[in-house]
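Report on one structure; see the data block that follows.
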Amino acid sequence: MSSSKKDLLVFRTGRIGRLELKNRLVRSATYENGATPHGEVTGPLVDLYRKLGQGGVGLIITGITAVMAKAHSPHRSMLIDEDDKIPGLKKIADAVHGLGNGCKIMLQLHHPGRQIIKAEDAPRLMPYFPPALLAIRQRSTENPPPGQNPPSEPPRLPDPVAPSAVPDTLFGRTPKELSLEEIEEIIEAFARGIGRAEEAGFDGVQLHAAHGWLLSSFLSPHTNKRQDEYGGSTENRLRMVKEIIERGRTRVGSDFPILIKINTTDFFPDGTDLEETAKVALLLKDIGFAAIETSGGMWETVARGEKELGWPAYLLPESRTQINNMDQEAYFFPGAERVKRQTGLPVLLVGGLKSLPKIEEVLQTGMVDFISLARPLIRQPGLPNLWLSGQGPEKAACISCNACIAAGETLLGCKQLEVKPKTT
């Protein structure tokens, strides 16, 4: 690949609804662990997004932003449950737009559902932590990394809820089945979140309906065994997101972009697969989503183990470890291709992509419109500008170790860079 990158497809403009994006690189939503325990935006969080915007990406999708205070988990995620959160969130949108370089930013709306980590869960989950994360945590006890949040009181975490009381083999517990009244309350909270996001100045929103969170668990036949209007058929399992977008549209303009992130595989025999993805995708187009981001897996996936899955099963399963060559990248491409062929909508592909030649190869297929990057931009926020300039390697410095999983009181960051090696 030549040193001149401006003619590559990845650096050509692209469209999502009314938005023209300056290139095809998207910062995929990544939990930052940077808000206050009450979900308020902090200075370091604003700085994190300003730096991402300066780095040259065309679109930023923020980390998970809870739509309900009583379903606020993880405890340092942002909240958009009330109007008083709008000024803080506006600081993020303004920081990115104020750069004047054309970078756009969307807010990701979220409800945790059945995936709530409480203190007593830690011993059970420890075997599923990536080895690199465990090693870093051990080293960092003597050398605390920079970017720590002030110590906080132990959070009051919500109880796990789901469309159905299906046992969770990872946590060894059964979540509470939501009532119709509770579903209605959640739909209203998402719809209000859509309206508040536009008021805060964001260029759009994304519903997080992947990775086993609440909306994902409604879409998946593995976790949704309801017998009412929110379960059973594909149409019924999508009813919740349909009602969210319909009600959200009453609060925003008809051209305000609403995206969705979905699983194209749950990695369970009774879960979402490519055939089900085709049905889901067509319905999502009819519902009116502006674009679809394709991913896969839920936390419970890792309980199946490497022997069944065919790849090392660590948290978080959507972010596979040990991605050492280009052939291992783009592991969710089959799902993206199925969505594109079925809908023609703009498709965002996430999953292990970190090499510029592979990114260009995937885009040239015409089955993917945008490439979503998460871990590479944690280590190198300026990676898009680096690639565009033709300077440096065409492969990101990220080693796909998953030690960057944000936890404790530390702001999201590459821990391989943050923690100094022990001296003897």
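Labels for the structure tokens follow display order: chains A, B, ..., residues from 1 in each chain, ligands from 1.
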Sel. of strand (DSSP E) residues, region 77-203 of chain A, as a PyMOL selection string: chain A and resi 78-79+104-110+161-162+176-177
Per residue of region 227-334 of chain A within 7 Å of region 379-401 of chain A, note the shortest atom pair and the distance in Å to one decimal, counting only C-alpha atoms, and order the rows by chain and increasing residue number, as CSV.
residue,atom,partner,partner_atom,distance
A:Thr321,CA,A:Ser400,CA,5.0
A:Gln322,CA,A:Ser400,CA,5.8
A:Ile323,CA,A:Ser400,CA,5.9
Write the residues of the selection above to a file with N, CA, C and O atoms, as a PDB file, in the first residue's frame.
ATOM      1  N   THR A 321      -9.369 -11.918  22.134  1.00  0.00           N
ATOM      2  CA  THR A 321      -7.948 -11.716  22.400  1.00  0.00           C
ATOM      3  C   THR A 321      -7.112 -12.483  21.367  1.00  0.00           C
ATOM      4  O   THR A 321      -7.629 -13.251  20.569  1.00  0.00           O
ATOM      5  N   GLN A 322      -5.816 -12.231  21.416  1.00  0.00           N
ATOM      6  CA  GLN A 322      -4.845 -12.949  20.580  1.00  0.00           C
ATOM      7  C   GLN A 322      -5.123 -12.777  19.083  1.00  0.00           C
ATOM      8  O   GLN A 322      -5.037 -13.716  18.297  1.00  0.00           O
ATOM      9  N   ILE A 323      -5.459 -11.544  18.678  1.00  0.00           N
ATOM     10  CA  ILE A 323      -5.616 -11.220  17.261  1.00  0.00           C
ATOM     11  C   ILE A 323      -4.234 -10.817  16.748  1.00  0.00           C
ATOM     12  O   ILE A 323      -3.785  -9.689  16.936  1.00  0.00           O
TER      13      ILE A 323
END
Find the spatial neighbours of Val67 (chain A), counting only C-alpha atoms, within a cut-off of 9 Å - ignore same-chain residues fewer than 4 positions away - and output them as number ranges by chain. A: 71-72, 78-82, 109-111, 186, 189-193
How would the residues just chosen look if you wrote them out with all heavy atoms as a short mmCIF file (atom, residue, chain, number, x, y, z; two decimals), in the first residue's frame?
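File produced: result-v6.cif:
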data_model
loop_
_atom_site.label_atom_id
_atom_site.label_comp_id
_atom_site.auth_asym_id
_atom_site.auth_seq_id
_atom_site.Cartn_x
_atom_site.Cartn_y
_atom_site.Cartn_z
N ALA A 71 -31.51 1.71 36.99
CA ALA A 71 -30.85 0.67 36.20
C ALA A 71 -29.49 1.18 35.76
O ALA A 71 -29.07 0.98 34.63
CB ALA A 71 -31.71 0.29 35.00
N HIS A 72 -28.81 1.85 36.69
CA HIS A 72 -27.52 2.48 36.40
C HIS A 72 -26.38 1.53 36.75
O HIS A 72 -26.02 1.36 37.90
CB HIS A 72 -27.39 3.78 37.20
CG HIS A 72 -26.14 4.55 36.89
ND1 HIS A 72 -25.51 5.35 37.82
CD2 HIS A 72 -25.40 4.65 35.76
CE1 HIS A 72 -24.44 5.91 37.28
NE2 HIS A 72 -24.36 5.50 36.02
N MET A 78 -22.37 7.09 32.19
CA MET A 78 -23.14 8.32 32.18
C MET A 78 -24.63 8.02 32.31
O MET A 78 -25.08 6.92 32.02
CB MET A 78 -22.88 9.09 30.88
CG MET A 78 -21.44 9.56 30.72
SD MET A 78 -21.15 10.50 29.19
CE MET A 78 -21.31 9.22 27.93
N LEU A 79 -25.38 9.02 32.76
CA LEU A 79 -26.82 8.91 32.92
C LEU A 79 -27.52 9.99 32.09
O LEU A 79 -27.00 11.10 31.95
CB LEU A 79 -27.22 9.11 34.39
CG LEU A 79 -27.51 7.87 35.25
CD1 LEU A 79 -27.67 8.27 36.70
CD2 LEU A 79 -28.77 7.16 34.76
N ILE A 80 -28.68 9.64 31.53
CA ILE A 80 -29.49 10.62 30.81
C ILE A 80 -30.94 10.45 31.25
O ILE A 80 -31.88 10.56 30.46
CB ILE A 80 -29.30 10.47 29.29
CG1 ILE A 80 -29.85 11.68 28.55
CG2 ILE A 80 -29.86 9.14 28.79
CD1 ILE A 80 -29.47 11.77 27.08
N ASP A 81 -31.12 10.22 32.54
CA ASP A 81 -32.43 9.91 33.09
C ASP A 81 -33.29 11.13 33.36
O ASP A 81 -34.51 11.02 33.47
CB ASP A 81 -32.27 9.12 34.39
CG ASP A 81 -31.52 9.91 35.46
OD1 ASP A 81 -30.49 10.54 35.12
OD2 ASP A 81 -31.95 9.89 36.62
N GLU A 82 -32.66 12.30 33.51
CA GLU A 82 -33.39 13.53 33.82
C GLU A 82 -32.82 14.68 33.01
O GLU A 82 -31.69 14.62 32.51
CB GLU A 82 -33.29 13.86 35.32
CG GLU A 82 -33.87 12.82 36.25
CD GLU A 82 -35.38 12.78 36.24
OE1 GLU A 82 -35.99 13.71 35.64
OE2 GLU A 82 -35.96 11.84 36.81
N LEU A 109 -27.40 4.72 24.04
CA LEU A 109 -28.38 4.56 25.12
C LEU A 109 -28.44 3.10 25.56
O LEU A 109 -28.40 2.19 24.74
CB LEU A 109 -29.75 5.03 24.65
CG LEU A 109 -29.81 6.49 24.16
CD1 LEU A 109 -31.21 6.85 23.71
CD2 LEU A 109 -29.32 7.46 25.24
N HIS A 110 -28.61 2.90 26.90
CA HIS A 110 -28.32 1.58 27.46
C HIS A 110 -29.17 1.27 28.69
O HIS A 110 -29.52 2.15 29.48
CB HIS A 110 -26.82 1.58 27.86
CG HIS A 110 -26.37 0.40 28.63
ND1 HIS A 110 -26.23 0.41 30.01
CD2 HIS A 110 -25.98 -0.84 28.24
CE1 HIS A 110 -25.78 -0.76 30.42
NE2 HIS A 110 -25.63 -1.54 29.37
N HIS A 111 -29.48 -0.01 28.83
CA HIS A 111 -30.04 -0.58 30.05
C HIS A 111 -29.31 -1.91 30.26
O HIS A 111 -29.24 -2.72 29.35
CB HIS A 111 -31.54 -0.81 29.90
CG HIS A 111 -32.23 -1.24 31.17
ND1 HIS A 111 -31.93 -2.44 31.81
CD2 HIS A 111 -33.22 -0.66 31.90
CE1 HIS A 111 -32.70 -2.56 32.88
NE2 HIS A 111 -33.49 -1.49 32.96
N ILE A 186 -39.52 1.31 30.83
CA ILE A 186 -38.21 1.31 30.17
C ILE A 186 -38.31 1.91 28.77
O ILE A 186 -37.44 2.69 28.35
CB ILE A 186 -37.64 -0.12 30.12
CG1 ILE A 186 -37.33 -0.61 31.53
CG2 ILE A 186 -36.39 -0.17 29.25
CD1 ILE A 186 -37.05 -2.10 31.62
N ALA A 189 -38.38 5.57 29.11
CA ALA A 189 -37.06 6.10 29.50
C ALA A 189 -36.14 6.20 28.29
O ALA A 189 -35.41 7.19 28.12
CB ALA A 189 -36.45 5.21 30.58
N PHE A 190 -36.13 5.19 27.43
CA PHE A 190 -35.32 5.26 26.20
C PHE A 190 -35.80 6.39 25.30
O PHE A 190 -34.98 7.13 24.74
CB PHE A 190 -35.39 3.92 25.45
CG PHE A 190 -34.34 2.94 25.83
CD1 PHE A 190 -34.63 1.89 26.70
CD2 PHE A 190 -33.05 3.03 25.32
CE1 PHE A 190 -33.65 0.95 27.04
CE2 PHE A 190 -32.07 2.10 25.65
CZ PHE A 190 -32.38 1.06 26.52
N ALA A 191 -37.10 6.52 25.14
CA ALA A 191 -37.64 7.57 24.28
C ALA A 191 -37.25 8.96 24.78
O ALA A 191 -36.86 9.84 24.01
CB ALA A 191 -39.15 7.45 24.18
N ARG A 192 -37.35 9.16 26.08
CA ARG A 192 -36.94 10.44 26.66
C ARG A 192 -35.44 10.66 26.48
O ARG A 192 -34.98 11.78 26.26
CB ARG A 192 -37.33 10.51 28.13
CG ARG A 192 -38.82 10.61 28.37
CD ARG A 192 -39.16 10.68 29.84
NE ARG A 192 -40.60 10.73 30.06
CZ ARG A 192 -41.34 11.83 30.05
NH1 ARG A 192 -40.74 13.00 29.84
NH2 ARG A 192 -42.64 11.79 30.25
N GLY A 193 -34.66 9.57 26.57
CA GLY A 193 -33.22 9.68 26.35
C GLY A 193 -32.89 10.14 24.94
O GLY A 193 -31.96 10.92 24.74
#
Quick one: pull the distance between CA of Ser179 (chain A) and CA of Arg247 (chain A), Å, one decimal.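 It comes out at 19.4 Å.
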Mind checking which residues fall within 10 Å of region 282-293 of chain A, counting only C-alpha atoms, ignoring those fewer than 6 positions away in the same chain, and posting them as a ChimeraX atom specification? /A:15-18,28,204,206-210,234-235,238-239,241-243,245-246,249,254-264,335-336,339-350,368-372
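Rounded to one decimal, CA of Thr30 (chain A) and CA of Ser77 (chain A) lie 10.3 Å from each other.
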Which one is closest to His38 (chain A): A:Gly58, A:Pro74, A:Pro123, A:Gly248? Count only C-alpha atoms.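 Result for the nearest residue to His38 (chain A): A:Pro74.
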Write out as a VMD selection string all residues of region 259-332 of chain A that backbone DSSP assigns to helix (DSSP H, G or I). chain A and resid 274 to 287 299 to 309 326 to 328
Which is closer to Lys6 (chain A) than all the others in A:Gln364, A:Asn23, A:Ser220, A:Thr65, using only C-alpha atoms?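 Smallest distance to Lys6 (chain A) is found for A:Asn23.
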Can you work out which one of A:Phe218, A:Phe171, A:Phe332, A:Phe202 has the shortest atom-to-atom distance to Leu19 (chain A), counting only C-alpha atoms?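 Residue with the minimum atom-to-atom distance to Leu19 (chain A): A:Phe202.
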Residues near Ala303 (chain A), cut-off 10 Å, only C-alpha atoms, skip fewer than 4 positions along chain, as an mmCIF file with C-alpha atoms, in the first residue's frame:
data_model
loop_
_atom_site.group_PDB
_atom_site.id
_atom_site.type_symbol
_atom_site.label_atom_id
_atom_site.label_comp_id
_atom_site.auth_asym_id
_atom_site.auth_seq_id
_atom_site.Cartn_x
_atom_site.Cartn_y
_atom_site.Cartn_z
ATOM 1 C CA LEU A 125 -15.994 -14.298 37.189
ATOM 2 C CA PRO A 127 -11.508 -17.381 35.709
ATOM 3 C CA TYR A 128 -12.983 -15.492 32.750
ATOM 4 C CA ASP A 168 -27.565 -17.260 33.597
ATOM 5 C CA THR A 169 -24.828 -19.913 33.650
ATOM 6 C CA LEU A 170 -22.018 -17.364 33.975
ATOM 7 C CA PHE A 171 -23.358 -15.697 37.110
ATOM 8 C CA TRP A 299 -21.254 -12.236 28.743
ATOM 9 C CA GLU A 308 -16.933 -25.234 22.142
ATOM 10 C CA LEU A 309 -16.398 -21.750 20.726
ATOM 11 C CA ALA A 313 -13.230 -17.297 25.786
ATOM 12 C CA TYR A 314 -12.523 -14.314 28.017
ATOM 13 C CA LEU A 315 -14.513 -11.274 29.015
#
